[in-house]
Amino acid sequence: MKRADELRRQLAALNYRYYVLDDPEVPDAEYDRLMQELRALEAKHPEIVTPDSPTQRVSGAAAAQFGAVTHRVPMLSLRNAFSDEEVADFDRRARERLAATAEIDYMAEPKLDGLAVTLAYEHGRLVRAATRGDGATGEDVTANVRTIRSVPLVLQADAPRLFEARGEVFMPLAGFRAMNDAARQRGEKLFVNPRNAAAGALRQVDAQVTAKRPLEVIFYAVGAVEGALLPERQSELLALLRHLGLRTSSEAQRVRGLAGCLEYYRKLAARRAELPYQIDGVVYKIDRRADQEKLGFVSREPRWALAHKFPAQEELTQIQNVEFQVGRTGTLTPVARLTPVFVGGATVSNVTLHNMDEIERNDIRVGDTVVVRRAGDVIPEIVRVVLERRPKKGTHPIELPTHCPVCGSPVVRVAGEAAARCTGGFTCRAQRQEALRHFASRRALDIEGFGDKLIEQLVEQGLVSSPDELYSLTAQSLAGLERMGEKSAANLLAALSKSKATTLPRFLFALGIRDVGEATALALARHFGSLERLMAADAAAIQEVPDVGPVVAASVAMFLASPAHRKVIARLRAHGVHWADIERTAAAAAPLAGMTFVVTGTLASLSREAAQERLRSLGARVSASVSAKTTYLVHGADPGSKLAKATALGVQLLDEAALLELLRSSTRPED
Ligand code: IVH
């Protein structure tokens with residue numbers, strides 16, 4: 001059978017990369033699939049099974065440099081299940097074989113994604129640690145395992161003559177990330193995943209190197225035991241391991257029957273991303289040892305245990321094309337169009353590539369086969385290119401367009417910045433559209449009903465090109481749009497009207513100033529208290545805001561200084577968009593906050609503008625006309641009608657000397 005031979009060759013080659021070189025060529029899911037295909041073929045045609053088929057052994061051979069250890073009790077493998085039905089079959093068969101009349105008790109445990117090890121303790125002392133190897137013979141890694149902090153060198157309590165503890169060595173995610181960050185900084189090769197990093201660490205020739213790697217261990221089984229009776233149940237065995245000072249999983253739980261297993265699976269799957277280490281499924285073990293013994297094994301797999309795998313978080317697919325999307329601030333983002341692939345429980349057909357630097361660093365090309373990862377709710381990403389699968393011909397590099405794909409304006413790549421930008425500004429339809437989408441979004445002005453589709457139409461038909469124009473929409477202008485009934489139009493107008501009452505932080509965020517997210521918008525609002533004060537501030541004053549650096553300060557100052565933006569802001573306010581000024585934070589609480597000044601007449605020692613500026617810098621509001629809300633009227637020579645009006649309204653008066661005294665006493669020494 002040609003296909004079976006080919007699968008065996010492929011699996012053998014992948015196995016060598018995975019187990020011997022610790023450098024997997026493809027994600028586990030691909031390996032599993034090829035293996036499944038071979039198993040199915042062999043099941044259908046038993047005459048083609050060969051003794052050297054990968055289905056007939058557990059896995060790989062020991063690397064030469066470590067001594068070989070023959071396991072006194074073989075280290076078993078687990079049968080995999082990928083669906084609830086397969087778990088149901090497993091449970092049904094076990095009940096049949098055991099002639100069980102009631103539900104079976106199972107111990108459910110996380111399936112840790114690391115390397116199986118066996119640790120021999122003689123009279124309580126760790127004498128040998130070995131990897132699983134091919135299940136019968138493994139490698140002696142005693143020196144390396146001794147360096148793992150969670151491995152006790154001496155057992156606690158009444159240790160038997162011989163106790164072989166079995167478990168998984170793994171690298172927690174935090175340690176893995178830190179290690180890769182450090183490797184990246186040194187320009188070294190990165191580890192593909194935590195399992196791989198753990199394998200590399202455990203097989204270091206120099207145990208000193210292993211000692212520096214953040215390895216951990218969790219135990220879940222025993223091998224040979226002499227001089228002690230083993231408990232009756234797996235649940236009690238875990239308790240015994242803990243009693244001896246060996247770490248077990250805090251997630252392990254006894255469950256009842258198929259329903260209990262599946263419930264455990266779903267609960268753990270939901271929490272998968274929160275765990276500090278990688279797991280690739282759960283393991284169900286029949287709890288009673290007497291039942292385990294009755295069921296026995298098929299080849300190297302126990303009939304009393306099953307690994308229920310989670311959907312793969314990594315899969316292979318091809319890059320069909322790369323397009324560039326234009327964002328709100330003109331940033332060009334490369335988006336790879338993929339051959340759709342089911343990964344992490346969803347179909348992924350697009351994935352963003354962040355920027356050109358990243359593409360160039362990873363040498364990603366159209367036509368490449370890539371590993372796509374989707375873990376939990378995390379945005380899918382390309383992990384790496386599988387260079388081994390790059391066709392000799394037919395791939396081509398990804399090039400940054402010289403002109404915006406939407407508006408045709410030149411694209412610039414700013415030195416020192418990863419992003420490439422369209423220079424079209426508001427003349428670019430994509431930027432207009434994104435700016436509007438952002439303005440109306442839930443965390444900005446929260447204008448209900450203004451989704452992507454509607455905004456696209458409004459921009460395309462030229463009805464709206466800047467946020468203020470949203471408020472000029474009428475029932476009539478909306479009526480011309482696709483699928484727009486009278487009722488929907490009325491709802492949209494009501495939503496627009498409702499959105500006019502907002503808050504200063506939301507408004508600042510909605511403006512879509514580059515680098516100003518919600519947190520920065522809030523900090524700006526708290527520091528300045530009002531839009532007027534923020535608009536009067538220069539970059540230096542803006543930089544005083546906590547957590548605002550020179551780049552953000554410059555971006556805010558430039559945005560607010562632009563006449564086009566000022567016009568949009570003024571029009572928004574003219575349309576009735578409003579908010580209450582907010583209380584300024586203690587640090588920013590200005591001495592004249594909450595007071596309104598009017599300055600009139602000619603001052604001798606400073607210009608009227610300068611006086612107004614100083615008042616504003618101390619937190620005062622400065623107004624052009626006197627009203628009942630005016631706190632002080634500052635009057636120089638020739639005050640005119642304002643003095644008369646202020647006197648009539650009973651507004652307090654300040655002459656120049658009194659003003660200077662007020663300014664002096666309000667200015668803190670550090671100012
Ligand atoms: S029990 C019969 N329990 O999965 C007992 N194995 O696919 C055999 N693994 O070699 C192992 N977590 O490396 C068991 N809670 C767990 C496990 C676990 C991970 C690994 C182990 C084993 C492989 C089998």
# chains A, B, ... in the order shown; residues from 1 in each chain; ligands from 1
>>> residues_near_ligand(ligand="ligand 1", cutoff="7 Å", atoms="only C-alpha atoms and all ligand atoms", output="VMD selection string")
chain A and resid 75 to 79 109 to 116 168 220 to 221 283 301 to 302 305 307
>>> write_last_selection(atoms="C-alpha atoms", output="PDB file, in the first residue's frame")
ATOM      1  CA  MET A  75       5.948   4.009  30.554  1.00  0.00           C
ATOM      2  CA  LEU A  76       2.622   3.957  28.834  1.00  0.00           C
ATOM      3  CA  SER A  77       1.044   6.136  26.268  1.00  0.00           C
ATOM      4  CA  LEU A  78      -2.554   7.312  26.156  1.00  0.00           C
ATOM      5  CA  ARG A  79      -5.236   6.819  23.586  1.00  0.00           C
ATOM      6  CA  GLU A 109      -6.733  15.611  35.330  1.00  0.00           C
ATOM      7  CA  PRO A 110      -5.273  18.229  33.015  1.00  0.00           C
ATOM      8  CA  LYS A 111      -3.142  16.779  30.226  1.00  0.00           C
ATOM      9  CA  LEU A 112       0.051  18.692  30.778  1.00  0.00           C
ATOM     10  CA  ASP A 113       1.972  19.576  27.646  1.00  0.00           C
ATOM     11  CA  GLY A 114       5.530  18.723  28.614  1.00  0.00           C
ATOM     12  CA  LEU A 115       7.729  15.637  28.843  1.00  0.00           C
ATOM     13  CA  ALA A 116       7.020  12.486  30.806  1.00  0.00           C
ATOM     14  CA  GLU A 168       5.474  15.749  33.535  1.00  0.00           C
ATOM     15  CA  TYR A 220       0.367  11.927  38.234  1.00  0.00           C
ATOM     16  CA  ALA A 221       1.384   8.254  38.344  1.00  0.00           C
ATOM     17  CA  VAL A 283      -6.975  12.778  30.979  1.00  0.00           C
ATOM     18  CA  GLU A 301      -2.233   2.114  25.789  1.00  0.00           C
ATOM     19  CA  PRO A 302      -4.234   1.362  28.908  1.00  0.00           C
ATOM     20  CA  ALA A 305      -7.413   5.846  30.620  1.00  0.00           C
ATOM     21  CA  ALA A 307      -6.747  11.647  26.729  1.00  0.00           C
TER      22      ALA A 307
END
>>> residues_around(residues="range 623-627 of chain A", least_positions_apart="4", cutoff="12 Å", atoms="only C-alpha atoms", output="VMD selection string")
chain A and resid 532 595 to 600 608 to 609 612 to 613 615 to 616 631 to 635 641 to 653
>>> closest_atom_pairs(of="range 274-370 of chain A", to="range 385-389 of chain A", cutoff="7 Å", atoms="only C-alpha atoms", output="CSV")
residue,atom,partner,partner_atom,distance
A:Ile364,CA,A:Val385,CA,6.5
A:Asp368,CA,A:Val385,CA,6.7
A:Thr369,CA,A:Val386,CA,5.7
A:Val370,CA,A:Val385,CA,4.4
>>> write_last_selection(atoms="all heavy atoms", output="PDB file, in the first residue's frame")
ATOM      1  N   ILE A 364       8.328  36.501   5.643  1.00  0.00           N
ATOM      2  CA  ILE A 364       7.032  35.932   5.277  1.00  0.00           C
ATOM      3  C   ILE A 364       6.731  36.286   3.819  1.00  0.00           C
ATOM      4  O   ILE A 364       6.875  37.448   3.423  1.00  0.00           O
ATOM      5  CB  ILE A 364       5.919  36.495   6.197  1.00  0.00           C
ATOM      6  CG1 ILE A 364       6.255  36.197   7.662  1.00  0.00           C
ATOM      7  CG2 ILE A 364       4.556  35.907   5.818  1.00  0.00           C
ATOM      8  CD1 ILE A 364       5.317  36.852   8.652  1.00  0.00           C
ATOM      9  N   ASP A 368       3.585  31.141   1.059  1.00  0.00           N
ATOM     10  CA  ASP A 368       4.207  30.357   2.135  1.00  0.00           C
ATOM     11  C   ASP A 368       3.186  29.544   2.917  1.00  0.00           C
ATOM     12  O   ASP A 368       2.023  29.934   3.038  1.00  0.00           O
ATOM     13  CB  ASP A 368       4.903  31.305   3.132  1.00  0.00           C
ATOM     14  CG  ASP A 368       6.379  31.465   2.818  1.00  0.00           C
ATOM     15  OD1 ASP A 368       6.941  30.570   2.167  1.00  0.00           O
ATOM     16  OD2 ASP A 368       6.953  32.496   3.240  1.00  0.00           O
ATOM     17  N   THR A 369       3.663  28.440   3.479  1.00  0.00           N
ATOM     18  CA  THR A 369       2.900  27.689   4.457  1.00  0.00           C
ATOM     19  C   THR A 369       3.299  28.243   5.825  1.00  0.00           C
ATOM     20  O   THR A 369       4.484  28.408   6.096  1.00  0.00           O
ATOM     21  CB  THR A 369       3.245  26.195   4.368  1.00  0.00           C
ATOM     22  OG1 THR A 369       2.804  25.726   3.094  1.00  0.00           O
ATOM     23  CG2 THR A 369       2.550  25.401   5.458  1.00  0.00           C
ATOM     24  N   VAL A 370       2.277  28.565   6.634  1.00  0.00           N
ATOM     25  CA  VAL A 370       2.576  29.176   7.925  1.00  0.00           C
ATOM     26  C   VAL A 370       1.839  28.438   9.044  1.00  0.00           C
ATOM     27  O   VAL A 370       0.843  27.757   8.802  1.00  0.00           O
ATOM     28  CB  VAL A 370       2.151  30.666   7.962  1.00  0.00           C
ATOM     29  CG1 VAL A 370       3.046  31.501   7.070  1.00  0.00           C
ATOM     30  CG2 VAL A 370       0.696  30.837   7.564  1.00  0.00           C
TER      31      VAL A 370
END
>>> atom_distance(atom1="CA of Gly462 in chain A", atom2="CA of Ala564 in chain A")
18.2 Å
>>> atom_distance(atom1="CA of Gly619 in chain A", atom2="CA of Arg584 in chain A")
9.4 Å
>>> select_by_dssp(residues="range 165-305 of chain A", states="strand (DSSP E)", output="ChimeraX atom specification")
/A:165-170,216-226,253-256,279-286,297-298,301-302,305
>>> residues_around(residues="range 223-239 of chain A", least_positions_apart="2", cutoff="10 Å", atoms="only C-alpha atoms", output="PyMOL selection string")
chain A and resi 71-75+105-108+118-123+158-166+219-221+241-249+252-254+285-292
>>> select_by_dssp(residues="range 8-249 of chain A", states="alpha helix (DSSP H)", output="ChimeraX atom specification")
/A:8-15,28-44,84-98,142-146,173-185,194-202,207-212,234-243
>>> closest_residue(among="A:Leu496, A:Ile455, A:Val414, A:Ala129", to="Leu473 in chain A", atoms="only C-alpha atoms")
A:Leu496
>>> residues_around(residues="His396 in chain A", least_positions_apart="2", cutoff="8 Å", atoms="only C-alpha atoms", output="list of chain:residue names")
A:Arg365, A:Val366, A:Gly367, A:Gly394, A:Ile398
>>> closest_residue(among="A:Arg271, A:Lys294, A:Arg384, A:His438", to="Leu316 in chain A", atoms="only C-alpha atoms")
A:Arg384
>>> closest_residue(among="A:Ala375, A:Val406, A:Val326, A:Val151", to="Arg421 in chain A", atoms="only C-alpha atoms")
A:Val326
>>> residues_around(residues="range 570-583 of chain A", least_positions_apart="2", cutoff="10 Å", atoms="only C-alpha atoms", output="ChimeraX atom specification")
/A:445,467-472,496-507,525-532,564-568,585-586,588-589,593-594
>>> write_last_selection(atoms="N, CA and C atoms", output="tab-separated table (two decimals), in the first residue's frame")
chain	number	residue	atom	x	y	z
A	445	LEU	N	-18.49	58.30	21.49
A	445	LEU	CA	-19.77	58.98	21.72
A	445	LEU	C	-20.96	58.02	21.79
A	467	PRO	N	-16.89	64.02	11.68
A	467	PRO	CA	-17.85	63.68	12.75
A	467	PRO	C	-18.96	64.70	12.93
A	468	ASP	N	-18.64	66.01	12.79
A	468	ASP	CA	-19.68	67.02	13.03
A	468	ASP	C	-20.83	66.88	12.04
A	469	GLU	N	-20.50	66.38	10.82
A	469	GLU	CA	-21.54	66.26	9.80
A	469	GLU	C	-22.57	65.19	10.11
A	470	LEU	N	-22.21	64.28	11.04
A	470	LEU	CA	-23.20	63.29	11.47
A	470	LEU	C	-24.44	64.00	12.00
A	471	TYR	N	-24.19	65.11	12.73
A	471	TYR	CA	-25.29	65.82	13.38
A	471	TYR	C	-26.10	66.68	12.42
A	472	SER	N	-25.64	66.74	11.16
A	472	SER	CA	-26.44	67.46	10.15
A	472	SER	C	-27.37	66.51	9.42
A	496	LEU	N	-28.47	60.00	17.70
A	496	LEU	CA	-27.56	61.14	17.53
A	496	LEU	C	-27.84	62.20	18.58
A	497	SER	N	-29.12	62.47	18.76
A	497	SER	CA	-29.50	63.50	19.70
A	497	SER	C	-29.09	63.11	21.13
A	498	LYS	N	-29.27	61.84	21.44
A	498	LYS	CA	-28.92	61.35	22.77
A	498	LYS	C	-27.41	61.43	23.02
A	499	SER	N	-26.64	61.20	21.94
A	499	SER	CA	-25.19	61.15	22.10
A	499	SER	C	-24.59	62.52	22.41
A	500	LYS	N	-25.39	63.58	22.21
A	500	LYS	CA	-24.85	64.93	22.42
A	500	LYS	C	-24.48	65.19	23.87
A	501	ALA	N	-25.16	64.51	24.77
A	501	ALA	CA	-24.78	64.65	26.19
A	501	ALA	C	-23.71	63.61	26.47
A	502	THR	N	-22.47	64.06	26.58
A	502	THR	CA	-21.37	63.11	26.78
A	502	THR	C	-20.48	63.57	27.93
A	503	THR	N	-19.27	63.04	27.97
A	503	THR	CA	-18.33	63.47	29.02
A	503	THR	C	-17.07	63.95	28.32
A	504	LEU	N	-16.27	64.71	29.01
A	504	LEU	CA	-15.05	65.23	28.40
A	504	LEU	C	-14.07	64.10	28.02
A	505	PRO	N	-13.85	63.12	28.90
A	505	PRO	CA	-12.93	62.04	28.49
A	505	PRO	C	-13.42	61.30	27.24
A	506	ARG	N	-14.71	61.03	27.16
A	506	ARG	CA	-15.24	60.36	25.98
A	506	ARG	C	-15.03	61.21	24.73
A	507	PHE	N	-15.31	62.51	24.87
A	507	PHE	CA	-15.18	63.40	23.73
A	507	PHE	C	-13.73	63.42	23.24
A	525	ALA	N	-8.33	64.89	30.61
A	525	ALA	CA	-9.53	65.55	31.12
A	525	ALA	C	-9.37	65.89	32.59
A	526	ARG	N	-8.81	64.98	33.34
A	526	ARG	CA	-8.64	65.21	34.77
A	526	ARG	C	-7.65	66.32	35.05
A	527	HIS	N	-6.61	66.38	34.22
A	527	HIS	CA	-5.58	67.38	34.47
A	527	HIS	C	-6.05	68.77	34.10
A	528	PHE	N	-6.72	68.87	32.96
A	528	PHE	CA	-7.10	70.20	32.50
A	528	PHE	C	-8.51	70.61	32.92
A	529	GLY	N	-9.36	69.63	33.15
A	529	GLY	CA	-10.71	69.94	33.63
A	529	GLY	C	-11.66	70.43	32.57
A	530	SER	N	-11.15	71.13	31.57
A	530	SER	CA	-12.04	71.61	30.51
A	530	SER	C	-11.31	71.58	29.18
A	531	LEU	N	-12.10	71.51	28.11
A	531	LEU	CA	-11.51	71.48	26.77
A	531	LEU	C	-10.79	72.79	26.48
A	532	GLU	N	-11.35	73.91	26.97
A	532	GLU	CA	-10.73	75.22	26.73
A	532	GLU	C	-9.30	75.23	27.26
A	564	ALA	N	-8.37	72.81	10.89
A	564	ALA	CA	-9.44	71.91	10.44
A	564	ALA	C	-10.07	71.22	11.64
A	565	HIS	N	-9.22	70.76	12.56
A	565	HIS	CA	-9.75	70.06	13.73
A	565	HIS	C	-10.52	71.03	14.63
A	566	ARG	N	-10.01	72.25	14.75
A	566	ARG	CA	-10.70	73.24	15.60
A	566	ARG	C	-12.10	73.53	15.05
A	567	LYS	N	-12.15	73.55	13.71
A	567	LYS	CA	-13.43	73.82	13.08
A	567	LYS	C	-14.42	72.68	13.40
A	568	VAL	N	-13.92	71.43	13.29
A	568	VAL	CA	-14.78	70.27	13.58
A	568	VAL	C	-15.27	70.35	15.03
A	585	THR	N	-7.88	66.62	39.15
A	585	THR	CA	-7.26	65.81	40.20
A	585	THR	C	-6.43	66.69	41.12
A	586	ALA	N	-6.21	66.20	42.34
A	586	ALA	CA	-5.52	66.96	43.37
A	586	ALA	C	-4.24	67.60	42.84
A	588	ALA	N	-3.44	68.42	39.98
A	588	ALA	CA	-3.66	69.45	38.99
A	588	ALA	C	-4.57	70.55	39.52
A	589	ALA	N	-5.17	70.30	40.68
A	589	ALA	CA	-6.14	71.26	41.19
A	589	ALA	C	-5.49	72.63	41.21
A	593	ALA	N	-9.25	77.38	40.01
A	593	ALA	CA	-10.24	76.51	39.38
A	593	ALA	C	-11.64	76.92	39.80
A	594	GLY	N	-12.55	76.90	38.87
A	594	GLY	CA	-13.95	77.19	39.19
A	594	GLY	C	-14.29	78.67	39.16
>>> residues_around(residues="Val548 in chain A", least_positions_apart="3", cutoff="10 Å", atoms="only C-alpha atoms", output="JSON, numbers by chain")
{"A": [516, 520, 523, 524, 542, 543, 544, 545, 551, 552, 553, 554]}
>>> write_last_selection(atoms="C-alpha atoms", output="mmCIF file, in the first residue's frame")
data_model
loop_
_atom_site.group_PDB
_atom_site.id
_atom_site.type_symbol
_atom_site.label_atom_id
_atom_site.label_comp_id
_atom_site.auth_asym_id
_atom_site.auth_seq_id
_atom_site.Cartn_x
_atom_site.Cartn_y
_atom_site.Cartn_z
ATOM 1 C CA VAL A 516 -4.749 58.947 22.716
ATOM 2 C CA THR A 520 -4.857 59.099 28.132
ATOM 3 C CA ALA A 523 -5.797 61.727 32.260
ATOM 4 C CA LEU A 524 -5.984 64.794 29.999
ATOM 5 C CA ILE A 542 0.415 68.784 28.113
ATOM 6 C CA GLN A 543 3.489 66.814 29.026
ATOM 7 C CA GLU A 544 2.829 67.693 32.663
ATOM 8 C CA VAL A 545 -0.065 65.225 32.606
ATOM 9 C CA VAL A 551 5.413 61.974 21.680
ATOM 10 C CA VAL A 552 1.820 61.917 22.924
ATOM 11 C CA ALA A 553 1.995 65.548 24.091
ATOM 12 C CA ALA A 554 3.184 66.657 20.657
#
>>> decode(residues="range 386-425 of chain A", atoms="C-alpha atoms", output="CSV table (one decimal), in the first residue's frame")
chain,number,residue,atom,x,y,z
A,386,VAL,CA,7.4,26.5,7.7
A,387,LEU,CA,10.4,27.0,5.4
A,388,GLU,CA,10.6,23.3,4.7
A,389,ARG,CA,7.3,23.7,2.9
A,390,ARG,CA,8.2,26.7,0.9
A,391,PRO,CA,7.7,25.8,-2.8
A,392,LYS,CA,10.9,26.3,-5.0
A,393,LYS,CA,8.9,28.6,-7.3
A,394,GLY,CA,5.8,30.7,-6.9
A,395,THR,CA,6.3,32.6,-3.6
A,396,HIS,CA,6.9,36.3,-3.7
A,397,PRO,CA,7.9,38.8,-1.1
A,398,ILE,CA,5.4,41.2,0.4
A,399,GLU,CA,5.9,44.8,-0.7
A,400,LEU,CA,4.8,48.0,0.9
A,401,PRO,CA,2.7,49.9,-1.6
A,402,THR,CA,4.1,53.3,-2.5
A,403,HIS,CA,0.6,54.8,-2.7
A,404,CYS,CA,-2.4,54.4,-0.4
A,405,PRO,CA,-4.6,51.6,-1.8
A,406,VAL,CA,-7.7,53.7,-0.9
A,407,CYS,CA,-6.9,57.3,-1.9
A,408,GLY,CA,-3.7,57.0,-3.9
A,409,SER,CA,-1.8,59.5,-1.7
A,410,PRO,CA,1.9,58.7,-1.2
A,411,VAL,CA,2.8,56.3,1.7
A,412,VAL,CA,5.6,57.3,4.0
A,413,ARG,CA,7.5,55.1,6.4
A,414,VAL,CA,8.7,57.3,9.2
A,415,ALA,CA,12.2,56.7,10.3
A,416,GLY,CA,12.3,55.0,13.7
A,417,GLU,CA,8.7,54.0,13.5
A,418,ALA,CA,7.4,50.6,12.5
A,419,ALA,CA,4.3,51.9,10.9
A,420,ALA,CA,3.9,53.1,7.3
A,421,ARG,CA,1.2,55.8,6.8
A,422,CYS,CA,-1.0,57.2,4.1
A,423,THR,CA,-0.4,60.9,3.9
A,424,GLY,CA,-3.9,61.6,2.6
A,425,GLY,CA,-5.3,62.6,6.0
